[in-house]
Amino acid sequence: MTVADLNLQPPPDRLLLEVADYVMQAPEPSDLTYQTARLALLDALGCGVLALSFAECTKLLGPSVPGVSVTVGVHVPGTDYVLEPIKAAFDIGATIRWLDYNDTWLAAEWGHPSDNFGAILAVAEYVSRLRMTRGDAPLRVQHVLDAGIQAYEIQGVLALANSFNRVGLDHVLLVRVASTAVATRMLGGSQGQVVDAVSNAWLDGGSLRTYRHAPNTGSRKSWAAGDATSRAVRLALLTLLGEMGYPTALSAPRWGFHDTLFGGLPVVLARPLDSYVMDHILFKVSYPAEFHAQTAAEAAIRLHPLVRDRLEDIERIEIFTQESASRIISKVGPLYNPADRDHCLQYIVAVGLLLGMLTAESYEDAAAADPRLDWLRERMLVTEEPRYSAEYLDPDKRSIANAVQVWFRDGSHTERAEVEYPIGHRRRRSEAIPLLREKLEHNLLSRFPHEHANQILDLALDHDRLLSTPVPAFMELLSLPTSAA
């Protein structure tokens, strides 16, 4: 009997069409959405600037091949690098994500939508400089925010009902998909070209989450987003050269994404694409730590005054958390590097209890050498609290709750310090905004001279002026002269 495939090409998968239609004809954002997008962009850039204080990050930056220069290039904020857009997207994306301090989205899948700014800023400056060579006006920062709102929405809505982590795939897959869509549109692509480019993004599959989990947690988790954004720019540019797409990249029997990598389940959009994700984004305001541990850090720091003088009397420390945190960041045993530590719920709680603070430096080897941290970790018991898990997934709440309680040898104990919503949650947004400004100023001063940092901050706080600023001027302001880098 002869067996052969029927080679009739069907129409594109519905998901590809929905994403392409959205980026080509997205609804006009509200003023509040633009305000939130401005905060998101500036917070992401501040996180990227702060990351430049760490050599493990900066060693990855700069031209792919030493000595290569470009004539129409992209500035990497906080440095003197001017790079071609694919490598610039990697560098910007890697710095934004390096310290695990940028914003977060939590659902069936989690992730960090501001990762997409690596691709968006790289393409925005590249396109602007090409336009300027023709005598045309460059893009403005408002166009960056438009693309950011769209990328947030694509990544975040895909995360609502599709759990890639449960099949072992990393969430940066969604960064690649979202960035590919908006980058293709920004480069001048048509609706059909967006479909083609996004189909290729799905064909790339997904990187394994191995580098985020014991016993392999490592620094790749800090540059994985940069890798995803750079790949997105590459796929967009290939598509603009005329490279073909693959209409059933998701749904093709046996060979498509659904059957090959997603257990036969369809990838779905849980709600219409608008601005839901930007409007509800979670900012990391206080602590550079994996977001599921933000409220645990706050609870531990609240208890610090009650335990700092009784450390030797501690019998046990109980941590009550959501299912997601217990599954991905609860770990015992040695912690080998900063990436291992900032994804350890117990380590984060130990630092908060011991020191009453948590900074990016808390994860470095020098800080981790304090033997009291491991002593505290050995006395911890992590328990899933069913209510926290349920309200984590409740669309009307989306809490990220943790509680910490310390018990002493004499039978006494602290209060059960419970924090259900981190400061960056929408329910605490008014509390967060002034702290986001302080965070941005602190991060800028870690890299720029005071006068230069103030120039950036003055522009950042002037909403209308920022949105009307040409992208090349904005990127130049964020850069260092060669002698200062």
# chains A, B, ... in the order shown; residues from 1 in each chain; ligands from 1
call {"tool": "select_by_dssp", "arguments": {"residues": "stretch 305-403 of chain A", "states": "strand (DSSP E or B)", "output": "CSV table (one decimal) with C-alpha atoms, in the first residue's frame"}}
result
chain,number,residue,atom,x,y,z
A,314,ILE,CA,15.3,30.1,66.4
A,315,GLU,CA,13.9,26.6,66.2
A,316,ARG,CA,12.2,26.7,62.8
A,317,ILE,CA,11.0,29.1,60.2
A,318,GLU,CA,7.7,28.4,58.4
A,319,ILE,CA,7.0,29.8,55.0
A,320,PHE,CA,3.5,29.6,53.5
A,321,THR,CA,3.4,30.1,49.7
A,380,MET,CA,12.9,26.5,57.1
A,381,LEU,CA,9.8,24.5,56.2
A,382,VAL,CA,8.0,25.6,53.0
A,383,THR,CA,4.2,24.7,52.8
A,384,GLU,CA,1.8,25.4,50.0
A,402,ASN,CA,3.5,34.6,51.1
A,403,ALA,CA,3.6,34.4,54.9
call {"tool": "residues_around", "arguments": {"residues": "A:Ser163", "least_positions_apart": "6", "cutoff": "12 Å", "atoms": "only C-alpha atoms", "output": "compact mmCIF listing (two decimals) with C-alpha atoms, in the first residue's frame"}}
result
# COMPACT_ATOMS: atom_id res chain seq x y z
CA LEU A 106 2.01 35.90 36.39
CA ALA A 107 -0.63 33.51 35.07
CA ALA A 108 -0.61 29.90 33.82
CA GLU A 109 2.74 30.96 32.39
CA TRP A 110 4.88 33.71 33.87
CA GLY A 111 7.41 36.04 32.36
CA GLY A 156 0.77 38.25 28.55
CA VAL A 157 -2.49 37.06 26.99
CA LEU A 169 9.66 25.07 27.99
CA ASP A 170 10.93 28.47 29.06
CA HIS A 171 8.72 31.56 28.99
CA LEU A 173 9.43 31.64 23.88
CA LEU A 174 6.65 34.20 24.30
CA LEU A 261 6.08 20.33 21.97
CA PHE A 262 2.72 21.00 23.64
CA GLY A 263 1.29 17.55 24.18
CA LEU A 265 -2.95 20.88 23.16
CA PRO A 266 -3.76 24.00 21.16
CA VAL A 267 -2.13 27.30 22.09
CA VAL A 268 -4.98 29.75 22.61
CA SER A 324 4.03 28.12 41.70
call {"tool": "select_by_dssp", "arguments": {"residues": "stretch 262-358 of chain A", "states": "helix (DSSP H, G or I)", "output": "PyMOL selection string"}}
result
chain A and resi 276-279+291-307+311-313+323-328+338-341+345-355
call {"tool": "write_last_selection", "arguments": {"atoms": "N, CA and C atoms", "output": "compact mmCIF listing (two decimals), in the first residue's frame"}}
result
# COMPACT_ATOMS: atom_id res chain seq x y z
N TYR A 276 -4.87 44.92 28.14
CA TYR A 276 -5.12 44.33 29.45
C TYR A 276 -3.82 44.10 30.23
N VAL A 277 -2.79 43.62 29.57
CA VAL A 277 -1.56 43.25 30.27
C VAL A 277 -0.82 44.48 30.77
N MET A 278 -0.66 45.49 29.93
CA MET A 278 0.01 46.71 30.39
C MET A 278 -0.77 47.34 31.54
N ASP A 279 -2.08 47.31 31.46
CA ASP A 279 -2.90 47.93 32.50
C ASP A 279 -2.78 47.21 33.84
N PHE A 291 9.69 36.97 41.17
CA PHE A 291 8.50 37.68 41.65
C PHE A 291 7.67 36.87 42.64
N HIS A 292 7.67 35.56 42.51
CA HIS A 292 6.88 34.76 43.45
C HIS A 292 7.39 34.93 44.88
N ALA A 293 8.59 35.46 45.05
CA ALA A 293 9.17 35.64 46.38
C ALA A 293 9.10 37.09 46.87
N GLN A 294 8.53 37.99 46.09
CA GLN A 294 8.51 39.40 46.49
C GLN A 294 7.81 39.60 47.84
N THR A 295 6.64 39.01 48.00
CA THR A 295 5.92 39.19 49.26
C THR A 295 6.59 38.44 50.40
N ALA A 296 7.29 37.36 50.09
CA ALA A 296 8.05 36.65 51.13
C ALA A 296 9.17 37.53 51.66
N ALA A 297 9.85 38.23 50.74
CA ALA A 297 10.91 39.15 51.17
C ALA A 297 10.34 40.26 52.05
N GLU A 298 9.20 40.81 51.65
CA GLU A 298 8.58 41.88 52.43
C GLU A 298 8.18 41.38 53.82
N ALA A 299 7.63 40.17 53.87
CA ALA A 299 7.23 39.60 55.16
C ALA A 299 8.44 39.34 56.05
N ALA A 300 9.52 38.82 55.46
CA ALA A 300 10.72 38.54 56.24
C ALA A 300 11.34 39.82 56.79
N ILE A 301 11.38 40.84 55.98
CA ILE A 301 11.95 42.11 56.42
C ILE A 301 11.10 42.72 57.53
N ARG A 302 9.80 42.50 57.46
CA ARG A 302 8.92 42.97 58.53
C ARG A 302 9.25 42.31 59.86
N LEU A 303 9.69 41.04 59.81
CA LEU A 303 10.01 40.30 61.03
C LEU A 303 11.43 40.54 61.53
N HIS A 304 12.26 41.15 60.70
CA HIS A 304 13.68 41.34 61.06
C HIS A 304 13.87 41.95 62.45
N PRO A 305 13.16 43.02 62.83
CA PRO A 305 13.40 43.59 64.16
C PRO A 305 13.07 42.63 65.30
N LEU A 306 12.22 41.64 65.03
CA LEU A 306 11.79 40.71 66.07
C LEU A 306 12.74 39.52 66.23
N VAL A 307 13.60 39.30 65.22
CA VAL A 307 14.46 38.10 65.27
C VAL A 307 15.95 38.42 65.28
N LEU A 311 18.61 35.23 66.96
CA LEU A 311 18.90 34.26 65.90
C LEU A 311 19.23 32.88 66.46
N GLU A 312 20.05 32.83 67.50
CA GLU A 312 20.47 31.54 68.04
C GLU A 312 19.32 30.79 68.72
N ASP A 313 18.23 31.49 69.02
CA ASP A 313 17.09 30.86 69.68
C ASP A 313 16.07 30.30 68.69
N GLU A 323 1.47 27.55 45.02
CA GLU A 323 1.98 26.35 44.35
C GLU A 323 3.11 26.68 43.39
N SER A 324 2.99 27.78 42.68
CA SER A 324 4.03 28.12 41.70
C SER A 324 5.37 28.35 42.36
N ALA A 325 5.37 29.07 43.47
CA ALA A 325 6.64 29.32 44.16
C ALA A 325 7.22 28.04 44.73
N SER A 326 6.37 27.19 45.31
CA SER A 326 6.89 25.95 45.88
C SER A 326 7.46 25.04 44.80
N ARG A 327 6.94 25.17 43.58
CA ARG A 327 7.39 24.31 42.49
C ARG A 327 8.67 24.82 41.83
N ILE A 328 8.86 26.13 41.76
CA ILE A 328 9.98 26.62 40.94
C ILE A 328 11.11 27.27 41.72
N PRO A 338 25.00 33.50 41.91
CA PRO A 338 23.93 34.47 42.14
C PRO A 338 22.60 34.07 41.51
N ALA A 339 22.64 33.46 40.33
CA ALA A 339 21.40 33.03 39.68
C ALA A 339 20.69 31.96 40.49
N ASP A 340 21.46 31.10 41.14
CA ASP A 340 20.91 30.07 42.01
C ASP A 340 20.21 30.72 43.21
N ARG A 341 20.83 31.76 43.76
CA ARG A 341 20.33 32.37 44.99
C ARG A 341 19.09 33.23 44.76
N LEU A 345 13.65 30.66 47.28
CA LEU A 345 12.74 31.28 48.23
C LEU A 345 13.36 31.33 49.62
N GLN A 346 14.00 30.24 50.02
CA GLN A 346 14.57 30.18 51.37
C GLN A 346 15.72 31.16 51.54
N TYR A 347 16.55 31.31 50.54
CA TYR A 347 17.67 32.25 50.64
C TYR A 347 17.16 33.68 50.76
N ILE A 348 16.15 34.02 49.97
CA ILE A 348 15.59 35.37 49.99
C ILE A 348 15.01 35.68 51.37
N VAL A 349 14.28 34.74 51.94
CA VAL A 349 13.72 34.93 53.28
C VAL A 349 14.83 35.04 54.31
N ALA A 350 15.87 34.23 54.18
CA ALA A 350 16.98 34.28 55.13
C ALA A 350 17.65 35.64 55.13
N VAL A 351 17.90 36.21 53.94
CA VAL A 351 18.52 37.53 53.86
C VAL A 351 17.62 38.57 54.52
N GLY A 352 16.33 38.52 54.24
CA GLY A 352 15.40 39.48 54.83
C GLY A 352 15.36 39.41 56.34
N LEU A 353 15.30 38.20 56.88
CA LEU A 353 15.27 38.03 58.33
C LEU A 353 16.58 38.50 58.97
N LEU A 354 17.69 38.16 58.33
CA LEU A 354 19.00 38.44 58.92
C LEU A 354 19.37 39.91 58.84
N LEU A 355 19.14 40.53 57.68
CA LEU A 355 19.66 41.86 57.42
C LEU A 355 18.60 42.95 57.34
call {"tool": "atom_distance", "arguments": {"atom1": "atom CA of A:Asp136", "atom2": "atom CA of A:Ala197"}}
result
26.2 Å
call {"tool": "closest_residue", "arguments": {"among": "A:Ser53, A:Asn116, A:Ser251, A:Ser275", "to": "A:Glu361", "atoms": "only C-alpha atoms"}}
result
A:Ser53
